[in-house]
Amino acid sequence: QVQLVESGGGLVQPGGSLRLSCAASGSIFSINVMGWYRQAPGKQRELVTIISSGGSTNYADSVKGRFTISRDNAKNTVYLQMNSLKPEETAVYYCNVRGKLDTGSPWTRKPDFDSWGQGTQVTVSS
């Protein structure tokens with residue numbers, strides 16, 4: 001009921017930059033937390049950064065000062081600006097969006113949703 005479309009991945013040289021986008025659509029009543037995770041080959045998926053509906057952010061220590069998460073609430077879109085990329089950050093990056101579904105009625109409880117994007121490959125290599 002909620003679809004996420006990611007874009008912006010690709011090949012970049014070490015020290016380079018990329019900007020990822022993730023747009024949510026569907027039966028959305030409200031969005032609470034939006035975030036980015038990544039999974040490198042042979043490793044578990046890990047949190048990169050999250051942003052709350054109020055704009056509060058949290059970053060993994062390894063990306064602090066280099067990555068910036070932002071969101072456009074009017075567009076239900078979250079962005080990840082990645083600077084000074086390192087080869088070890090090669091991974092599939094996934095966006096995650098959590099919120100409440102629109103039931104179409106003001107009288108019914110709004111169910112929670114927790115949706116994932118399809119993933120976008122980021123390769124950092126010379």
# chains A, B, ... in the order shown; residues from 1 in each chain; ligands from 1
$ residues_around --residues "Ile31 of chain A" --least-positions-apart "3" --cutoff "12 Å" --atoms "only C-alpha atoms" --output "PyMOL selection string"
chain A and resi 2+23-28+34-35+51-55+71-78+96-102+110-115
$ closest_atom_pairs --of "segment 65-114 of chain A" --to "segment 9-12 of chain A" --cutoff "9 Å" --atoms "only C-alpha atoms" --output "JSON lines"
{"residue": "A:Leu85", "atom": "CA", "partner": "A:Val12", "partner_atom": "CA", "distance": 8.0}
{"residue": "A:Val92", "atom": "CA", "partner": "A:Gly9", "partner_atom": "CA", "distance": 8.7}
{"residue": "A:Tyr93", "atom": "CA", "partner": "A:Gly9", "partner_atom": "CA", "distance": 8.1}
$ select_by_dssp --residues "segment 48-103 of chain A" --states "strand (DSSP E or B)" --output "ChimeraX atom specification"
/A:48-51,57-59,67-72,77-82,91-101
$ atom_distance --atom1 "atom CA of Ala91 of chain A" --atom2 "atom CA of Ala40 of chain A"
4.2 Å
$ atom_distance --atom1 "atom CA of Gln39 of chain A" --atom2 "atom CA of Gly119 of chain A"
9.4 Å
$ closest_residue --among "A:Thr68, A:Asn83, A:Ser30, A:Gln118" --to "Val48 of chain A" --atoms "only C-alpha atoms"
A:Thr68
$ closest_residue --among "A:Thr49, A:Gln44, A:Ser7, A:Ser105" --to "Val122 of chain A" --atoms "only C-alpha atoms"
A:Ser7
